[in-house]
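Reviewing the structure listed below.
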Amino acid sequence: MSEENKKYWKSLDGLNNSTDLPGKNHKEFPDSVTDGFNVESINGLSRRKFLGLLSVSTAIAATACSDYHDQKEIIPYTNRPEGVLPGKPNFYASTCNGCQEACGILIKTREGRPIKVDGNDEHPINKGKICATGQSSIYNLYDPSRLQNPLKGTSKTNWATADSEIIAKLDSVSKSGKKIVVLTNSINSPTERKMLDEFKQRFATAEVHAFDLFNNCNKKFGWFKSYGNAEIPSIKWDKANVILSLEGDFLGKEGNFIENTRLFSSKRDFSNVKNFNRLYVVEAGLSLTGSNSDYRMRLKPEAQYDFVMALLNEVIKKGASNIVVDSSVKNKLSKFSLDKIAKSNDLDSIKVNYLVEDLIKNKGKSIVYAGDSLSGDVQIAVNLLNEVLGNTDLYNYESAYVNTGKQLHFPQIEELIKSYNNGEVGAVIHYDVNPSFHLPKSLKYNEALKKVGFVISLVDSPNESTINDNFTLPINHNFESWGDAHSRKNVYSLRQPVIAPLFNTRQKEAILLTWILGSPKVYNESLYHDYLMESCRETIYSKKKLSVDFISFWNSALHDGFVNIESDGNSRKPFNISEIKIADSPKENSGFSILLAKDYFIGDGRFANNGWLQEIPHPISKVAWDNYAAIAPSSASEMNLKNGDIVNVTVGENSVKIPVLLQPGVAQNTLVIELGYGRTVISDVGKEVGKNANNLLNIKNLNSRWICSNASVEPTGENYKLVSTQEHHSLDEEFVKDLHLKRGIIREANLDEYAKNPKFANEEDIELVSITSEHGQVGTKWAMSIDMNKCTSCSVCVASCNVENNIPVVGKDQVAVGREMHWMRIDRYYSGSSEDPIVSNQPMLCQHCDNAPCENVCPVNATNHSPDGLNQMVYNRCVGTRYCGNNCPYKVRRFNFFNFRDHFEDGFYLNEVSPLVHNPEVTVRSRGVMEKCTFCVQKISEEREDAIREGRQIKGDNVVPACQQSCPADAIVFGDANDPESKISQYRKHELGYGVLQTLNVKPNVTYLAKLRNTHSEDI
Amino acid sequence: MSSDSLKYLEDISVIEGRPSLRSIDDVISKPLDTKPDKKYYIALAITLSMMGIGGIALIFSLYYGTGMWGNNNPVGWGLPIVNFVFWVGIGHAGTLISAILFLLRQKWRNGIARFAEGMTIFAVMTAGIFPAIHTGRPWLDGYLFPYPNQHGLWVNFNSPLLWDVFAVSTYFTVSFIFWYVGLIPDFAILRDRTKNKIKKTIYSITSLGWRGSNRHWQHYEMVYLVLAGFATPLVLSVHTIVSFDFAVSILPGWHTTIFPPYFVAGAVFSGFAMVQNVLIFIRKIFNFEHIITLDTLEKMNKVILLTGMLVGYAYGMEFFMAWYSGVQVEQFTFVNRAFGPYAWAYWIMVSCNVIFPQLFWFKKIRRTIPLMFVIGVFVNVGMWFERFVITVTSLSRDYLPSSWAYYTPTITDFAILIGSFGFFFTFLLLFTKTLPVVSMAEVKAVTYGAQPTHKDH
């Protein structure tokens, strides 16, 4: 019988009389049973009617009294929106606006709700990766402290009122001849810039000023002076054999460090060790780049100038110059003797000699990079050094940074504030900026602001600058906005909204556009969308000369998230050697120097309310929830300072009280302070976290506002508790020194040693015998490998894991007692001396051991082994004895000591919007259960479903856990270890591969590839 | 029969003087017959307050979560487990005295066995609180028992924690039965003495119809002997299994084969010290000085000296094995114990457990009540710290230096510790006023004239 003709029958009657299907004659109940059950037809109050009414009224009463908010009903779509399949994510390409780099992003949405953001694989700059801040920025969308309605003063108003009042006021200010000042960050969107130009046309007295706490203006200045063009090229790090970075954290926070990391790490490929690059870092603080260097020297920031001059002198003296250098320049340079400068600054002469030797030997294939904080003079000198060494081929002008225009410098800011005070300014518009926080208090910006009659702020949440506002207008999150960005010459990126605005907010561009158009009525949701399309048509589409119509172009551009554009050439001139300023003699640097640096995660402070970012430990010091003044242990002991002792740092008239942290590797008599902390007007998470050190910004030093000399540092005798996720041991304590090497946790060698002994990484591991038979594992076996040659400890994997796996934020008090919940952590170990440490990093996560010690001690079998090799955790079954955590030699298990969703007194995670950030595929863990890395089992399940549906075998390479997906260095490989063709099985077999604590015979399934350092053998 | 061969019979009297059988009953049941005095109520108020403090701390812990304690991510076990092991250890002396010494025919045990057993019961009850409350989700503790369920879920018999559940509950059950069986003849005496109707009813029920007939005694002695034989291996097994919680793991400093005997010796050590401490008060307050004699106390002090040296030997042997094994992590752990961040705890432990008990070599000190009391207190402090040192130092600094963290107990932790003492002593106080704290029947067996002798005839 064929499938179609199959007949189903319930009874013999039905079988014989197959036409007896439920039809119009069908009655569910036999006749007479329901007769008369019509409440209306019953006369009087019959028993039935009474009971009917009683039950209905009880039900109504019960329904009316119940709290709807607790219901959390799951309602299916009646009409399914097009393209949305429940349970299946949708991905949208867009552009990040966390900083100026405008990385391409791919936003994952589930049922219309953004839950994860990753890099856009096809984007030519960041190629599928974004930074930790970008990863965590999704939280800002659901931040309950976002301003939800426009405010007039401090009271709620509506947009129409606000718009009409503001337009009228701006018109009258404009007519009165007083200035309208618009303060912005530097703007990388051509359409936005165009809109601001139109704003200036509309209001004749309007001025637009840009200010960033951190910028690359010094570098732009250097390039402008050197080449007559302020467009800075990006650097082909992947072509550089030797890199010298001067106070430049290009792997951690400068330029597009995601791109830099990828290019840098591509020259750290263990399968091609001959091609390894060598990284020299000369810096004051121990930066992420410094921690990854082969050779690192400590130098106060002011001495960089002398050092570059001496290098120039040395290279030219050795006759290695690629260009002709005037004898007058040579003469002037000759005062800078490298030996002397090395000696006076305590630089290791062996390292300096290696550096000079390497730079000369690799002429044309090396690069010298100066950090953004170094002055224009140093930048010019570094440009000359690269010219002299013939390194200019490594400049990538095709993908140069687009000049986003002028920035305000402190003299201009002082002038601006003066004009506030003079009454020359009639209105100030804070266009998503926070000058009151960023500017030093001594400039008295807020006091001046009070003298301005009319202040408007366009912000996502109230901040320090909105205190004097006449109107505070809430703006959309990036994910709710349209936009574009052009930060690199060859790419034009588009931004599209992936969710309707959660609150009564508008995108900032549309707000200004409404005022330009002069009527509150013109606003509609597509106002800026249309404007953007028009702008794109004019500036991009028209130049492309495509055969497709604009709408198709637009749709495909939106789909891709970016458009490749032709670089319109670079009008640079040959290097202008006359611009180099050579001092008469090297300077003496005594007294304390201060270097103000950008924070790795919270940017200029705008992400301070993002708990995920606050809780990611600093990549080097592992301190969370605070900033501090990093000081060399020797300088600290001279002043009798311990960790957490508060010092009073005074520069000129400004002073700041800040705790010190004894950071190995910091230059003598130098404090390195990260800014962005100490926000005061912000919601609960970021309020008064860390200390505001913006006061120390050097308004007098026109060369660099981030470097202060001759600071005085006075201990106050007070102490402050800095919390970190790793204990700070004294490096000189023999007892705990180099344990990571003695225990084989970190295994490294330099290239020569590796050549001599390729099996150094695991030669000491003996084959362990077991008295029980091994569980032979057939089929899929999941495994991971981490290439320590590539890993830079940037912590993006930590951020990505947090978002993917709903990791709770526990707060400073809980980090202080060691209860942070990160499934993925980066362990940092020091070796060498406490002044000049060698840093080793190691991402640590659940090793999914074959013989997992956690499994056999759980009394209730809550943690057990899956057939495909996962060490799995059954939250429902867990009673929380914590025995598994005790018995885990890697200590990667994390216990929910509280209900961390409800731990903050404000019931932080219990409010309306915050829980929306959770990934619906991952259980939100309750109090009292153990949790840990699952190898992103939800992604494994997805692949299994796909494989079943498509009728094929599971393919290990199809599963990309969150950490691997986000690793900018491609250091993480995951897959099926039993698949001989997979990358993971190659990695596991590699001679550099080793398991941490292999001697315990737990058989970890995470293989680490030993780090190879490109150092000379003689130093070992 | 020569008088030499009967010499042991002369020494049989372990109680001083020649109290009549009736006077023994009178003295022992006096606390039961009289109304509690003011001092008793003050003592009870103190222990109840301590219990209340613990109770409040416990409510906070249950309401907010395990985070109220000092435990952190490397140190998953803190004070609750320390207290658990400590109280299980205290619970060792009772059954040892009543069962093992019974089998070894140590007659001096008769005067103290009942009380020591009572302490065992209460100590194990106190200990039992901790595994139950220390879990992250105490309301799911039932998962720890193998019961048939519709999920088809079964416990993990590989886990020492599960063995613990069985070991402690078995020990408690057997100790309790043994204790109760020992009480039956005394209940009968009380039943016969009392004039109070309610008491009479209760004693009639609890004495199970005991008439003291020859047959009763015959069966009774046999049951008691069998139960003593049954309880004896449990005395050794329960702390052995508690030590497995540590020894079965792979943590340096825990993963040691010496743990079972070392833990049992330690448990006897602390148990004897606690029994000695409390008896010093009991014999004074209730005028039992002639029943619980100085000789008995001296004998207990000798046991304390012996077990103290066993423990000291174990401390030394741990270090030796760490060195001898050549395992770097193991060596580090032990050096870290003695000289690392928890060195203070380690040296408290060593001085209290190894050094001070050496004073018991002097007979004078063995027989001086205030000194022996102080040393007994030291021993218990030391033994508490031993468990602290073992649990915390190993966890706080294990394999990966990156995850090391210092553990500091919180106020809640200490409040629960205080509460556990309150709980224990409250039960002890109630015990002294409700049940005969010395076995009347057994004491009569060792009094003058209870044994056949030709001396006075």
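Quick note on naming: the chains in the structure tokens go A, B, ... in the order shown, residues restart at 1 in each chain, and ligands are numbered from 1 in order of appearance.
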Using only C-alpha atoms, which residues of chain B come within 8 Å of chain A, and what is the closest atom pair for each, with the distance in Å to one decimal? Give it as JSON lines, sorted by chain and residue number.
{"residue": "B:Tyr64", "atom": "CA", "partner": "A:Phe898", "partner_atom": "CA", "distance": 6.5}
{"residue": "B:Gly65", "atom": "CA", "partner": "A:Phe898", "partner_atom": "CA", "distance": 5.2}
{"residue": "B:Thr66", "atom": "CA", "partner": "A:Phe897", "partner_atom": "CA", "distance": 5.2}
{"residue": "B:Gly67", "atom": "CA", "partner": "A:Phe897", "partner_atom": "CA", "distance": 4.3}
{"residue": "B:Gly70", "atom": "CA", "partner": "A:Val817", "partner_atom": "CA", "distance": 7.5}
{"residue": "B:Asn72", "atom": "CA", "partner": "A:Gly818", "partner_atom": "CA", "distance": 5.2}
{"residue": "B:Asn73", "atom": "CA", "partner": "A:Arg819", "partner_atom": "CA", "distance": 5.6}
{"residue": "B:Pro74", "atom": "CA", "partner": "A:Lys891", "partner_atom": "CA", "distance": 6.2}
{"residue": "B:Val75", "atom": "CA", "partner": "A:Asn886", "partner_atom": "CA", "distance": 6.8}
{"residue": "B:Gly76", "atom": "CA", "partner": "A:Arg882", "partner_atom": "CA", "distance": 5.5}
{"residue": "B:Trp77", "atom": "CA", "partner": "A:Arg882", "partner_atom": "CA", "distance": 7.1}
{"residue": "B:His134", "atom": "CA", "partner": "A:Thr881", "partner_atom": "CA", "distance": 7.0}
{"residue": "B:Thr135", "atom": "CA", "partner": "A:Thr881", "partner_atom": "CA", "distance": 4.7}
{"residue": "B:Gly136", "atom": "CA", "partner": "A:Gly928", "partner_atom": "CA", "distance": 3.7}
{"residue": "B:Arg137", "atom": "CA", "partner": "A:Val879", "partner_atom": "CA", "distance": 5.1}
{"residue": "B:Pro138", "atom": "CA", "partner": "A:Val879", "partner_atom": "CA", "distance": 6.9}
{"residue": "B:Leu140", "atom": "CA", "partner": "A:Val879", "partner_atom": "CA", "distance": 6.0}
{"residue": "B:Asp141", "atom": "CA", "partner": "A:Val879", "partner_atom": "CA", "distance": 6.6}
{"residue": "B:Tyr143", "atom": "CA", "partner": "A:Val860", "partner_atom": "CA", "distance": 6.4}
{"residue": "B:Leu144", "atom": "CA", "partner": "A:Val860", "partner_atom": "CA", "distance": 6.0}
{"residue": "B:Trp154", "atom": "CA", "partner": "A:Val860", "partner_atom": "CA", "distance": 7.2}
{"residue": "B:Val155", "atom": "CA", "partner": "A:Val860", "partner_atom": "CA", "distance": 4.6}
{"residue": "B:Asn156", "atom": "CA", "partner": "A:Pro859", "partner_atom": "CA", "distance": 5.0}
{"residue": "B:Phe157", "atom": "CA", "partner": "A:Pro859", "partner_atom": "CA", "distance": 7.0}
{"residue": "B:Asn158", "atom": "CA", "partner": "A:Asn856", "partner_atom": "CA", "distance": 5.6}
{"residue": "B:Ser159", "atom": "CA", "partner": "A:Val857", "partner_atom": "CA", "distance": 4.2}
{"residue": "B:Pro160", "atom": "CA", "partner": "A:Val857", "partner_atom": "CA", "distance": 6.5}
{"residue": "B:Leu161", "atom": "CA", "partner": "A:Pro859", "partner_atom": "CA", "distance": 5.8}
{"residue": "B:Leu162", "atom": "CA", "partner": "A:Pro859", "partner_atom": "CA", "distance": 5.3}
{"residue": "B:Ser249", "atom": "CA", "partner": "A:Asn887", "partner_atom": "CA", "distance": 5.9}
{"residue": "B:Ile250", "atom": "CA", "partner": "A:Asn887", "partner_atom": "CA", "distance": 6.2}
{"residue": "B:Leu251", "atom": "CA", "partner": "A:Asn887", "partner_atom": "CA", "distance": 6.3}
{"residue": "B:Gln328", "atom": "CA", "partner": "A:Arg743", "partner_atom": "CA", "distance": 7.6}
{"residue": "B:Val329", "atom": "CA", "partner": "A:Arg743", "partner_atom": "CA", "distance": 7.5}
{"residue": "B:Leu395", "atom": "CA", "partner": "A:Asn886", "partner_atom": "CA", "distance": 6.7}
{"residue": "B:Asp398", "atom": "CA", "partner": "A:Pro889", "partner_atom": "CA", "distance": 7.2}
{"residue": "B:Tyr399", "atom": "CA", "partner": "A:Pro889", "partner_atom": "CA", "distance": 5.9}
{"residue": "B:Leu400", "atom": "CA", "partner": "A:Tyr890", "partner_atom": "CA", "distance": 6.3}
{"residue": "B:Pro401", "atom": "CA", "partner": "A:His740", "partner_atom": "CA", "distance": 7.0}
{"residue": "B:Ser402", "atom": "CA", "partner": "A:Gln726", "partner_atom": "CA", "distance": 5.7}
{"residue": "B:Ser403", "atom": "CA", "partner": "A:Gln726", "partner_atom": "CA", "distance": 6.3}
{"residue": "B:Trp404", "atom": "CA", "partner": "A:Glu727", "partner_atom": "CA", "distance": 6.6}
{"residue": "B:Ala405", "atom": "CA", "partner": "A:Glu727", "partner_atom": "CA", "distance": 6.5}
{"residue": "B:Tyr407", "atom": "CA", "partner": "A:Val817", "partner_atom": "CA", "distance": 7.9}
For this session: Name all residues at most 7 Å from segment 366-378 of chain A (count only C-alpha atoms; drop same-chain ones fewer than 3 positions away) and give them as a PyMOL selection string.
Result: chain A and resi 216+218-219+221-222+240-249+305+359+362-363+381-382+386+391+580-581+703-704+706
Contacts of Met383 of chain B within 7 Å, only C-alpha atoms, excl. fewer than 2 positions in-chain, as a PDB file with C-alpha atoms, in the first residue's frame:
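The new file around09.pdb reads:
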ATOM      1  CA  SER B 270      40.459  15.555  69.764  1.00  0.00           C
ATOM      2  CA  MET B 349      48.342  23.547  64.886  1.00  0.00           C
ATOM      3  CA  ASN B 353      48.849  19.264  68.860  1.00  0.00           C
ATOM      4  CA  VAL B 379      44.358  20.104  71.701  1.00  0.00           C
ATOM      5  CA  ASN B 380      40.916  20.983  70.443  1.00  0.00           C
ATOM      6  CA  VAL B 381      42.062  24.342  69.131  1.00  0.00           C
ATOM      7  CA  PHE B 385      43.344  24.281  62.982  1.00  0.00           C
ATOM      8  CA  GLU B 386      44.620  21.000  61.595  1.00  0.00           C
ATOM      9  CA  ARG B 387      41.455  20.666  59.552  1.00  0.00           C
TER      10      ARG B 387
END
For this session: For Ser49 of chain B, please output as a PyMOL selection string all residues within 12 Å (counting only C-alpha atoms; exclusion window: fewer than 6 positions along the same chain).
Result: chain B and resi 41-43+55-56+415+418-423+425-426
Exercise. Near segment 470-479 of chain A, within 8 Å and counting only C-alpha atoms, which residues show up once chain neighbours fewer than 3 positions away are dropped, as a VMD selection string?
Worked result: chain A and resid 96 to 97 140 to 141 146 to 153 162 454 to 462 466 482 495 to 499 501 504 to 508
Exercise. If you measure from atom CA of Asp25 of chain B to atom CA of Ser207 of chain B, what distance in Å do you get, rounded to one decimal?
Worked result: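 These atoms are spaced 16.1 Å apart.
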Exercise. Near Gly811 of chain A, counting only C-alpha atoms, which residues have an atom at most 12 Å away, once you skip same-chain residues fewer than 2 positions from it, shown as a PyMOL selection string?
Worked result: chain A and resi 609-617+624-626+684-686+689+723-724+808-809+813-821+898+900-905+908
Problem set entry | Counting only C-alpha atoms, the residue of A:Ser840, A:Asn789, A:Asn229, A:Ser982 that sits nearest Leu741 of chain A |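 Result for the nearest residue to Leu741 of chain A: A:Ser840.
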Problem set entry | Who sits within 7 Å of segment 297-299 of chain B, only C-alpha atoms, same chain under 5 positions skipped, as a list in words | Gln276, Arg366 and Arg367 of chain B
Problem set entry | Point-to-point distance from atom CA of Lys127 of chain A to atom CA of Glu231 of chain A, Å rounded to tenths |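 Interatomic distance, atom CA of Lys127 of chain A to atom CA of Glu231 of chain A: 22.3 Å.
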